[in-house]
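First comes the structure, then the notes that go with it.
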4 protein chains.
Amino acid sequence: MKKLWSKGGETLHPAVNQYMVSRTLAADAAILPFDVAASTAHVRMLATVGLITNAERDQLVAALAEVLALHEREAFVLTPEQEDVHTAIESFLSEKLGALGRKVHVGRSRNDQVLVALRLYVLSELEGTMAEILSTAEKILAFARKHEFVPMPGFTHMQHAMPSSVGQWSGAFVEALLNDGEVLKSVRAQHDQNPLGAAAGFGTGVPIDREETTRELGLKKVQVNPIFCQISRAKFDALTLAALSQVMMTLGRIANDAIIFTSQEFGFFAVDRALTTGSSIMPQKQNLDIMEVLRANVAIVASLQLRVQMAAHNLLSGYNKDVKIDKEALLEGFRITRDSLVVAGLLFEHLTPNEERLLAAFKDAEIFAADQANRLVMSGMPFRDAYRKVGEELSTLKPEDPVTNIRSKKHLGATGNLGLERYEAAISELKHPRS
Amino acid sequence: MKKLWSKGGETLHPAVNQYMVSRTLAADAAILPFDVAASTAHVRMLATVGLITNAERDQLVAALAEVLALHEREAFVLTPEQEDVHTAIESFLSEKLGALGRKVHVGRSRNDQVLVALRLYVLSELEGTMAEILSTAEKILAFARKHEFVPMPGFTHMQHAMPSSVGQWSGAFVEALLNDGEVLKSVRAQHDQNPLGAAAGFGTGVPIDREETTRELGLKKVQVNPIFCQISRAKFDALTLAALSQVMMTLGRIANDAIIFTSQEFGFFAVDRALTTGSSIMPQKQNLDIMEVLRANVAIVASLQLRVQMAAHNLLSGYNKDVKIDKEALLEGFRITRDSLVVAGLLFEHLTPNEERLLAAFKDAEIFAADQANRLVMSGMPFRDAYRKVGEELSTLKPEDPVTNIRSKKHLGATGNLGLERYEAAISELKHPRS
Amino acid sequence: MKKLWSKGGETLHPAVNQYMVSRTLAADAAILPFDVAASTAHVRMLATVGLITNAERDQLVAALAEVLALHEREAFVLTPEQEDVHTAIESFLSEKLGALGRKVHVGRSRNDQVLVALRLYVLSELEGTMAEILSTAEKILAFARKHEFVPMPGFTHMQHAMPSSVGQWSGAFVEALLNDGEVLKSVRAQHDQNPLGAAAGFGTGVPIDREETTRELGLKKVQVNPIFCQISRAKFDALTLAALSQVMMTLGRIANDAIIFTSQEFGFFAVDRALTTGSSIMPQKQNLDIMEVLRANVAIVASLQLRVQMAAHNLLSGYNKDVKIDKEALLEGFRITRDSLVVAGLLFEHLTPNEERLLAAFKDAEIFAADQANRLVMSGMPFRDAYRKVGEELSTLKPEDPVTNIRSKKHLGATGNLGLERYEAAISELKHPRS
Amino acid sequence: MKKLWSKGGETLHPAVNQYMVSRTLAADAAILPFDVAASTAHVRMLATVGLITNAERDQLVAALAEVLALHEREAFVLTPEQEDVHTAIESFLSEKLGALGRKVHVGRSRNDQVLVALRLYVLSELEGTMAEILSTAEKILAFARKHEFVPMPGFTHMQHAMPSSVGQWSGAFVEALLNDGEVLKSVRAQHDQNPLGAAAGFGTGVPIDREETTRELGLKKVQVNPIFCQISRAKFDALTLAALSQVMMTLGRIANDAIIFTSQEFGFFAVDRALTTGSSIMPQKQNLDIMEVLRANVAIVASLQLRVQMAAHNLLSGYNKDVKIDKEALLEGFRITRDSLVVAGLLFEHLTPNEERLLAAFKDAEIFAADQANRLVMSGMPFRDAYRKVGEELSTLKPEDPVTNIRSKKHLGATGNLGLERYEAAISELKHPRS
């Protein structure tokens with residue numbers, strides 16, 4: 001199978017192909033469906049502007065559908081010799097349709113072909129990630145509701161600070177995930193523009209219709225400047241991975257809290273054995289190591305953003321193959337984030353508060369010190385004076401009933417008024433956006 | 001001047017204060033105006049809910065205005081002993097107003113006080129950055145218009161690829177910056193929620209009204225969950241810096257292109273001597289080193305994002321002082337980005353295309369190879385066949401008139417139809433957003 | 001096949017295993033030979049201290065040899081259910097040797113087992129990398145010798161600065177690589193200590209002899225403190241990857257120079273077609289994209305270091321599974337670095353200076369300005385005066401013969417005295433270290 | 001005061017100087033003493049090779065000594081107009097010595113002048129850092145000795161694993177720091193080569209003697225190739241910062257352990273109030289926030305390495321001003337690392353084990369499970385069988401006396417044989433290296 005650029009007679013050093021292709025072939029398989037979709041839109045446009053006939057269009061569209069069907073039953077195998085998925089598809093078309101297959105590449109280049117395929121891939125993955133965000137948010141919300149008024153110490157500097165609750169703790173992650181969903185939505189809006197037609201990065205002499213492919217692809221607008229289309233690749237990659245990092249930062253907090261709060265010393269929560277593994281030498285161990293792997297994955301996603309950003313640093317405008325490492329980075333980033341969302345949801349389905357241990361943390365009355373100072377304020381003492389007075393008389397502080405305490409705080413977001421119902425509305429809005 | 005948490009008798013090891021405060025004091029000065037604004041809103045709310053009288057409110061609001069006035073004439077000096085700007089302001093109020101000054105901190109904590117001040121600071125800086133994005137975009141757009149049809153080779157893999165133009169090259173940066181502006185706008189929307197009232201991270205027992213401070217601050221909604229408010233700090237920092245990196249990635253491309261294109265070998269552009277510096281030993285040198293500094297700054301901003309993200313990794317939910325390094329990171333990030341935008345605008349005001357050198361790049365007819373293949377396609381040959389035929393007969397290619405070539409390409413984004421007028425509309429829309 | 005920690009009856013949620021194991025299994029295969037070596041040393045020690053008999057030792061050693069033999073003919077397959085290579089080996093021994101196989105794990109844990117296996121793996125890879133450094137250095141040295149006195153402009157700020165030579169340019173990479181070799185050697189010295197016997201991270205109650213396994217493994221000393229052994233994992237990973245980044249930084253410079261210097265505008269070198277690929281739409285293109293992939297790989301290795309460093313951030317002392325992501329990072333880091341060294345060597349075997357273009361860069365006499373100032377100094381003028389005089393009279397500068405110029409500079413490192421013979425000695429010293 | 005490259009008549013745009021100089025001026029002050037040292041060596045060499053007379057040499061050397069003396073009493077002020085410290089010094093010499101001052105720059109360039117000054121600065125800082133490593137290691141060693149046999153649970157996955165001790169825990173950091181010292185020593189060896197004489201990056205036409213300046217500076221060898229000298233700048237920066245990250249990774253572990261182990265739930269250690277601060281609203285709080293700041297600083301140093309590495313990515317060989325950001329990065333990196341070492345030493349001087357809480361962790365006999373399995377092994381049962389038996393009969397495990405347990409383990413590194421005496425020897429060796 002020849003490379004697209006082969007004019008015969010070239011003898012590429014074998015190390016070159018091996019060095020360049022090996023890492024990206026798996027990623028190429030993942031974007032195949034999106035290349036088929038974009039190629040189909042391209043073909044339809046070629047017919048609209050008269051570069052091929054309607055009959056030719058139908059043949060090409062059918063053959064592209066066949067590529068997808070073969071791919072779906074794992075019968076469309078990419079080989080390193082083909083260099084990439086774009087070559088493999090054109091080769092298939094040429095073999096199947098002869099001269100007609102050799103017509104398909106007019107008015108585009110692999111540079112915009114891969115751009116648009118990646119764009120569609122990212123849009124699809126963002127949608128899938130959003131669905132998992134909402135599903136995980138719903139699981140945590142159910143947990144928050146169930147344990148809304150279970151007291152739990154609130155920590156600052158990893159020291160007991162003020163009364164909090166299991167509802168407030170877990171509710172934080174619901175709101176964080178919904179916020180992450182908003183970030184993803186805004187990144188989605190950035191991707192909603194069509195680079196197809198940028199060709200090699202400078203447009204083409206053939207009278208293509210970019211508005212037409214934009215319509216065919218269901219994208220919002222043409223990404224106009226072909227050089228910007230090229231420049232935007234690494235930029236959009238970085239933005240996408242930054243958004244995934246937002247999700248991973250939320251999940252990493254969950255994982256780290258879960259590890260600390262299930263330690264013997266804390267014991268705030270028990271986790272089902274179905275989620276723990278053992279040790280090779282310590283018979284008693286039940287390790288929540290899945291949350292450790294999740295934490296490490298936060299670092300992986302962060303490093304992937306850095307990778308695409310650094311690789312694009314100091315490149316001359318126009319296509320440079322350096323940016324091609326984004327394929328693997330995006331695939332890895334989305335896979336990790338989506339899997340991690342599932343695993344985080346699983347955690348909350350297998351987590352049980354240990355109320356005895358949670359309440360024990362309130363035995364030391366110091367956790368009520370700020371509340372006591374606030375009561376002095378309510379009786380007219382300036383806050384700083386109340387603060388100092390309580391601070392000087394810490395040993396006289398009296399324990400309170402934690403449940404009464406947390407239920408008594410009524411401002412929006414306080415333990416007695418978490419506003420969980422708002423999250424349901426927000427989930428619904430993200431599921432069925434009006435705009 | 002005592003620390004807020006001083007109850008008398010503590011003897012803090014001097015190394016502790018030195019280690020913790022020294023780096024952040026400059027940053028604290030920068031957020032002072034925003035702390036004053038947030039404190040004013042807090043004070044007004046305290047009066048609304050009856051925790052202070054209207055007369056007390058007026059005294060506190062006036063004293064806060066005085067803080068700002070002193071700050072503006074550099075008469076409000078922060079000292080390391082004060083620990084931070086919040087302490088300095090409360091101390092000022094207490095000294096000036098006695099017991100009333102000691103009332104101001106009720107219903108909030110430094111944890112939400114700094115959160116809201118940083119939020120307002122970021123919103124303000126995002127607005128300033130947006131203005132500079134638009135100003136720089138306008139300067140580049142003027143350049144693109146002026147040289148719209150000056151031919152320039154387009155490069156892929158740093159090799160001559162196809163005909164392009166100075167208009168297409170510079171227009172790419174206009175569109176890139178406008179896109180960056182959209183990203184900033186979406187990040188702005190994330191910041192448009194009020195964390196004030198989260199207190200230490202778990203709410204407060206005092207009956208504050210968070211909707212009221214939200215209105216006072218002109219923010220869109222309450223950031224409900226106090227633990228999420230805390231978690232969001234490093235997340236929003238990372239998001240903000242990721243958005244600034246989008247701008248810096250655009251500017252880095254400009255800088256790197258400028259350096260390469262003004263080298264003796266390329267010579268595509270000349271840059272005014274006002275922007276170049278010399279060498280200590282080579283009398284002939286005129287270095288565009290300002291663009292090298294800009295390139296390096298791209299790396300600094302990227303590293304700042306990493307910094308805040310890594311510092312927040314594996315922290316227990318609730319406030320931990322680790323996140324405090326964001327002050328310096330945000331300040332540095334905004335300062336660099338805004339200065340770099342100005343410098344990039346300056347470049348285009350001092351850049352002149354060298355048409356002779358640009359045209360010389362078209363003497364080798366190979367740059368027209370793809371266009372020639374496209375012409376064969378227009379006469380009916382399948383593209384891949386045309387491609388191979390031209391490839392085999394490269395030596396017979398004839399040079400074309402570059403201007404005619406670039407003017408002839410008419411699809412949206414092509415050199416003959418850059419769509420520069422769209423950018424003007426986009427600039428106007430970003431300046432005066434309808435939403 | 002049961003997990004090592006299985007006591008029967010557990011039902012691990014399938015998502016847990018999938019989430020944790022999938023990424024690391026390939027890496028596990030790569031460290032199998034090193035686990036076999038370390039397990040063999042462990043078994044020998046067990047016999048020495050009397051925990052098993054000599055006959056048992058021989059059976060276990062033979063079975064371990066069989067594992068290796070099976071692995072080498074790809075007949076020892078790891079499955080996700082086995083969790084890791086350590087489990088797979090112990091399972092094999094238990095199946096083959098019954099009770100004896102179940103004895104092998106006494107006095108160690110998977111925590112130190114994987115530590116020592118990774119240690120041996122890294123030592124082996126460092127040795128392989130060193131060999132490739134020397135081989136590539138030799139290729140570049142041959143190139144430097146061949147073109148030692150071919151004039152080439154030296155650049156600062158990407159502008160012509162002073163006369164240089166192809167020998168000086170390429171010689172720089174030889175010295176850089178030899179320096180990188182020294183760095184690798186020093187990192188190797190860090191790894192030359194034995195963590196086996198740290199067990200789960202706190203030692204063991206069994207009377208093992210760690211000096212004995214250290215001798216068996218040919219390592220220099222015992223890594224004493226078991227908690228330090230655990231802590232050192234991520235630290236040594238970061239150090240190893242930092243050393244690989246040193247190599248990649250050198251290679252990245254080569255790649256970037258090659259791309260720029262083979263552009264049409266520079267044309268300083270021609271590269272064999274065997275190393276270039278083509279474009280899908282521009283028939284004339286010959287892209288040195290292998291060097292672009294190399295450049296991008298510099299970013300990948302940098303990101304891998306960041307990854308292991310961030311993943312280890314804020315972990316409690318003692319083993320946490322977060323650090324397990326190092327396997328993939330090390331494998332990828334070494335593979336990329338070693339492949340990149342080969343590719344860089346290949347480049348210099350296929351690179352030819354274009355003397356005509358190189359000499360053309362000397363036509364503008366300004367490149368001799370500093371030399372002219374130096375001549376005025378030799379006749380007694382203070383340097384800064386000479387500098388200013390030449391600067392004012394730039395237009396009167398006369399071109400010189402570049403070859404005469406570069407040959408005339410005789411201090412160590414100057415173009416007329418590159419000291420290339422030193423590199424040969426250094427290569428030989430690194431090949432056959434005396435220490 | 002004129003710039004070195006000024007030939008009169010230039011009008012540099014004010015924004016250019018501001019953008020380029022502002023960040024680096026403070027760093028320039030820090031390297032002044034090293035520029036004086038290197039300039040002195042340069043001047044002596046100029047006399048040796050006859051480019052100046054011995055009398056001139058003496059005048060210049062005396063004037064350079066005056067610069068240093070002025071600097072030490074803060075009377076040598078750098079201004080942005082001077083661009084950098086090198087300019088300021090040459091200006092001072094010219095003003096003081098007239099024509100003789102204008103002679104000093106022959107045979108060098110600012111490019112190698114700053115390289116050698118940074119080299120000397122790094123060597124000096126490495127020495128200072130080493131001294132602080134040893135001082136902190138000694139403090140921790142004293143702590144480890146004092147509490148050598150205080151039992152402490154060992155953790156894996158943040159769960160109780162096996163008996164450990166305060167001696168083993170703190171001893172780990174001693175060995176880690178000594179290992180970091182070894183890393184610093186090896187990095188020091190890399191820096192021990194002289195780049196002076198590389199001039200602008202291509203050598204000079206003046207007959208300098210680089211062996212002579214090497215001797216004068218007390219460096220080990222000439223860094224031969226001038227282009228390599230330039231390339232090595234960012235490489236050595238990255239290496240230096242990677243070594244500092246090794247130290248910071250050790251200190252970060254200490255900080256994180258200290259925070260977790262002093263939480264109310266753990267309570268393993270108490271820390272002196274002299275090291276803690278308070279809260280603005282919670283009167284009871286005593287926060288070990290200095291350790292949080294230390295943890296965050298680990299991220300800062302990691303980000304500094306990334307910064308210099310990314311800034312140098314894809315630069316053409318030869319000097320580019322991008323690398324200049326290393327000044328600030330090195331200064332910040334050394335300052336943070338050295339201050340953090342001091343703070344970590346302080347911690348161990350103010351830390352007290354809470355034996356009651358530590359012993360409480362041994363009440364649950366499960367922590368002895370592995371020890372019990374090992375005992376069954378000693379009576380002849382295969383380890384895996386013993387492991388399973390203990391695992392099945394966990395509830396029958398009997399608590400042991402922790403002190404007896406930890407003292408009974410005698411292999412090297414085990415709790416009964418920590419090998420602390422080895423550290424003393426190692427500290428002494430690092431203090432007075434024989435090589």
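Ligands are numbered from 1 in the order shown, residues from 1 within each chain, and chains are lettered A, B, ... in the order they appear in the structure tokens.
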Problem set entry | Contact residues around C:Leu219 with only C-alpha atoms at 8 Å, ignoring same-chain residues under 2 positions, as number ranges by chain | C: 192-194, 214-217, 221-222
Written file, previous selection with N, CA and C atoms, as an mmCIF file, in the first residue's frame:
```
data_model
loop_
_atom_site.group_PDB
_atom_site.id
_atom_site.type_symbol
_atom_site.label_atom_id
_atom_site.label_comp_id
_atom_site.auth_asym_id
_atom_site.auth_seq_id
_atom_site.Cartn_x
_atom_site.Cartn_y
_atom_site.Cartn_z
ATOM 1 N N ASP C 192 22.741 2.674 42.133
ATOM 2 C CA ASP C 192 23.565 1.498 42.461
ATOM 3 C C ASP C 192 23.474 1.138 43.950
ATOM 4 N N GLN C 193 22.267 1.025 44.464
ATOM 5 C CA GLN C 193 22.061 0.640 45.855
ATOM 6 C C GLN C 193 20.816 -0.242 45.922
ATOM 7 N N ASN C 194 20.821 -1.140 46.830
ATOM 8 C CA ASN C 194 19.850 -2.231 46.850
ATOM 9 C C ASN C 194 18.695 -2.012 47.831
ATOM 10 N N THR C 214 22.697 -7.854 48.016
ATOM 11 C CA THR C 214 23.424 -6.768 47.348
ATOM 12 C C THR C 214 24.605 -7.333 46.546
ATOM 13 N N ARG C 215 25.345 -8.251 47.168
ATOM 14 C CA ARG C 215 26.448 -8.904 46.449
ATOM 15 C C ARG C 215 25.931 -9.692 45.255
ATOM 16 N N GLU C 216 24.884 -10.467 45.499
ATOM 17 C CA GLU C 216 24.320 -11.291 44.416
ATOM 18 C C GLU C 216 23.914 -10.441 43.213
ATOM 19 N N LEU C 217 23.381 -9.280 43.498
ATOM 20 C CA LEU C 217 22.890 -8.404 42.421
ATOM 21 C C LEU C 217 23.994 -7.534 41.839
ATOM 22 N N LYS C 221 25.912 -0.955 47.267
ATOM 23 C CA LYS C 221 25.629 -0.884 48.699
ATOM 24 C C LYS C 221 24.153 -1.147 48.981
ATOM 25 N N VAL C 222 23.883 -1.395 50.244
ATOM 26 C CA VAL C 222 22.498 -1.525 50.666
ATOM 27 C C VAL C 222 21.881 -0.129 50.764
#
```
Problem set entry | Test item: chain A residues at most 9 Å from chain D, counting only C-alpha atoms, as a ChimeraX atom specification | /A:156-162,259-260,262-266,280-289,292,310-311,313-315,361,366-371,373,383-384,387-392,394
Problem set entry | Non-local contacts of D:Arg44 (12 Å; only C-alpha atoms; under 2 positions in same chain excluded) as a ChimeraX atom specification | /D:37-42,46-62,64,104,208-210,212-217
Exercise. Taking the backbone alone, and naming residues the way the document does, which bits of stretch 68-243 of chain D are alpha helix (DSSP H) by DSSP, as a ChimeraX atom specification?
Worked result: /D:68-72,85-97,110-146,166-191,210-217,226-243
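Here atom CA of A:Thr352 is placed at a distance of 29.1 Å from atom CA of C:Ile325.
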For this session: Skip A:Phe268 itself and residues of its chain fewer than 4 positions away, then list as number ranges by chain all residues within 8 Å of it, counting only C-alpha atoms.
Result: A: 261-262, 353-355, 357-358
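For B:Ala242, the non-local neighbours within 10 Å, defined as residues at least 4 positions apart in the same chain or in other chains and counting only C-alpha atoms, are A:Ala238, A:Leu239, A:Leu241, A:Ala242, A:Ala243, A:Gln305, B:Val183, B:Leu184, B:Val187, B:Phe236, B:Asp237, B:Ala238, B:Gln246, B:Val247, B:Met248, B:Val301, B:Ala302, B:Leu304, B:Gln305, B:Leu306, B:Gly333.
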Kindly export the residues of the current selection with N, CA and C atoms, as a PDB file, in the first residue's frame.
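again.pdb written:
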```pdb
ATOM      1  N   ALA A 238      -4.570  22.173  24.063  1.00  0.00           N
ATOM      2  CA  ALA A 238      -4.219  22.620  25.414  1.00  0.00           C
ATOM      3  C   ALA A 238      -5.478  23.003  26.186  1.00  0.00           C
ATOM      4  N   LEU A 239      -6.387  23.675  25.487  1.00  0.00           N
ATOM      5  CA  LEU A 239      -7.630  24.103  26.128  1.00  0.00           C
ATOM      6  C   LEU A 239      -8.476  22.894  26.530  1.00  0.00           C
ATOM      7  N   LEU A 241      -7.436  19.859  27.152  1.00  0.00           N
ATOM      8  CA  LEU A 241      -6.814  19.144  28.270  1.00  0.00           C
ATOM      9  C   LEU A 241      -6.886  19.956  29.559  1.00  0.00           C
ATOM     10  N   ALA A 242      -6.856  21.280  29.443  1.00  0.00           N
ATOM     11  CA  ALA A 242      -7.046  22.112  30.639  1.00  0.00           C
ATOM     12  C   ALA A 242      -8.439  21.893  31.218  1.00  0.00           C
ATOM     13  N   ALA A 243      -9.420  21.745  30.343  1.00  0.00           N
ATOM     14  CA  ALA A 243     -10.786  21.499  30.818  1.00  0.00           C
ATOM     15  C   ALA A 243     -10.879  20.117  31.469  1.00  0.00           C
ATOM     16  N   GLN A 305      -1.353  18.042  29.054  1.00  0.00           N
ATOM     17  CA  GLN A 305      -1.526  19.427  28.585  1.00  0.00           C
ATOM     18  C   GLN A 305      -0.169  20.083  28.377  1.00  0.00           C
TER      19      GLN A 305
ATOM     20  N   VAL B 183     -12.295  32.793  24.658  1.00  0.00           N
ATOM     21  CA  VAL B 183     -11.917  31.914  25.767  1.00  0.00           C
ATOM     22  C   VAL B 183     -11.929  32.709  27.080  1.00  0.00           C
ATOM     23  N   LEU B 184     -11.350  33.896  27.040  1.00  0.00           N
ATOM     24  CA  LEU B 184     -11.339  34.731  28.246  1.00  0.00           C
ATOM     25  C   LEU B 184     -12.755  35.035  28.709  1.00  0.00           C
ATOM     26  N   VAL B 187     -14.102  32.116  30.503  1.00  0.00           N
ATOM     27  CA  VAL B 187     -13.489  31.993  31.826  1.00  0.00           C
ATOM     28  C   VAL B 187     -14.080  33.057  32.759  1.00  0.00           C
ATOM     29  N   PHE B 236      -9.983  27.423  39.649  1.00  0.00           N
ATOM     30  CA  PHE B 236     -10.182  28.639  38.861  1.00  0.00           C
ATOM     31  C   PHE B 236      -8.829  29.276  38.503  1.00  0.00           C
ATOM     32  N   ASP B 237      -7.883  29.196  39.417  1.00  0.00           N
ATOM     33  CA  ASP B 237      -6.532  29.694  39.092  1.00  0.00           C
ATOM     34  C   ASP B 237      -5.988  28.978  37.853  1.00  0.00           C
ATOM     35  N   ALA B 238      -6.106  27.657  37.873  1.00  0.00           N
ATOM     36  CA  ALA B 238      -5.575  26.873  36.752  1.00  0.00           C
ATOM     37  C   ALA B 238      -6.287  27.246  35.464  1.00  0.00           C
ATOM     38  N   GLN B 246      -3.498  30.526  26.427  1.00  0.00           N
ATOM     39  CA  GLN B 246      -4.026  30.600  25.063  1.00  0.00           C
ATOM     40  C   GLN B 246      -3.520  31.872  24.384  1.00  0.00           C
ATOM     41  N   VAL B 247      -3.614  32.986  25.093  1.00  0.00           N
ATOM     42  CA  VAL B 247      -3.123  34.245  24.526  1.00  0.00           C
ATOM     43  C   VAL B 247      -1.622  34.159  24.270  1.00  0.00           C
ATOM     44  N   MET B 248      -0.896  33.641  25.249  1.00  0.00           N
ATOM     45  CA  MET B 248       0.562  33.584  25.112  1.00  0.00           C
ATOM     46  C   MET B 248       0.977  32.657  23.975  1.00  0.00           C
ATOM     47  N   VAL B 301       4.358  31.550  31.703  1.00  0.00           N
ATOM     48  CA  VAL B 301       2.923  31.450  31.997  1.00  0.00           C
ATOM     49  C   VAL B 301       2.492  29.980  32.068  1.00  0.00           C
ATOM     50  N   ALA B 302       3.008  29.162  31.162  1.00  0.00           N
ATOM     51  CA  ALA B 302       2.678  27.733  31.229  1.00  0.00           C
ATOM     52  C   ALA B 302       3.124  27.140  32.557  1.00  0.00           C
ATOM     53  N   LEU B 304       3.416  28.654  35.348  1.00  0.00           N
ATOM     54  CA  LEU B 304       2.604  29.151  36.458  1.00  0.00           C
ATOM     55  C   LEU B 304       1.333  28.321  36.627  1.00  0.00           C
ATOM     56  N   GLN B 305       0.759  27.916  35.512  1.00  0.00           N
ATOM     57  CA  GLN B 305      -0.428  27.060  35.613  1.00  0.00           C
ATOM     58  C   GLN B 305      -0.067  25.743  36.288  1.00  0.00           C
ATOM     59  N   LEU B 306       1.010  25.150  35.809  1.00  0.00           N
ATOM     60  CA  LEU B 306       1.472  23.901  36.402  1.00  0.00           C
ATOM     61  C   LEU B 306       1.676  24.057  37.901  1.00  0.00           C
ATOM     62  N   GLY B 333       1.168  36.144  35.900  1.00  0.00           N
ATOM     63  CA  GLY B 333       0.516  35.700  34.662  1.00  0.00           C
ATOM     64  C   GLY B 333      -0.168  36.847  33.936  1.00  0.00           C
TER      65      GLY B 333
END
```
For this session: Fewer than 3 positions away in the same chain doesn't count, so skip those; otherwise give me all residues within 8 Å of B:Met20, counting only C-alpha atoms, as a ChimeraX atom specification.
Result: /B:16-17,23-24 /D:290,293
Exercise. Leaving out A:Phe228 and any residue of its chain fewer than 2 positions from it, which residues lie within 8 Å of it when counting only C-alpha atoms, given as an MDAnalysis selection string?
Worked result: (chainID A and resid 223:226 230:232) or (chainID B and resid 172:173 175:176)
For this session: Write down as JSON, numbers by chain the residues of stretch 9-228 of chain D whose backbone DSSP state falls under strand (DSSP E or B).
Result: {"D": [151, 152, 153, 154, 155, 156, 159, 160, 161, 162, 163, 164, 165, 193, 194, 221, 222]}
Exercise. Please, what distance in Å, to one decimal, runs between atom CA of D:Val377 and atom CA of C:Val206?
Worked result: 8.7 Å
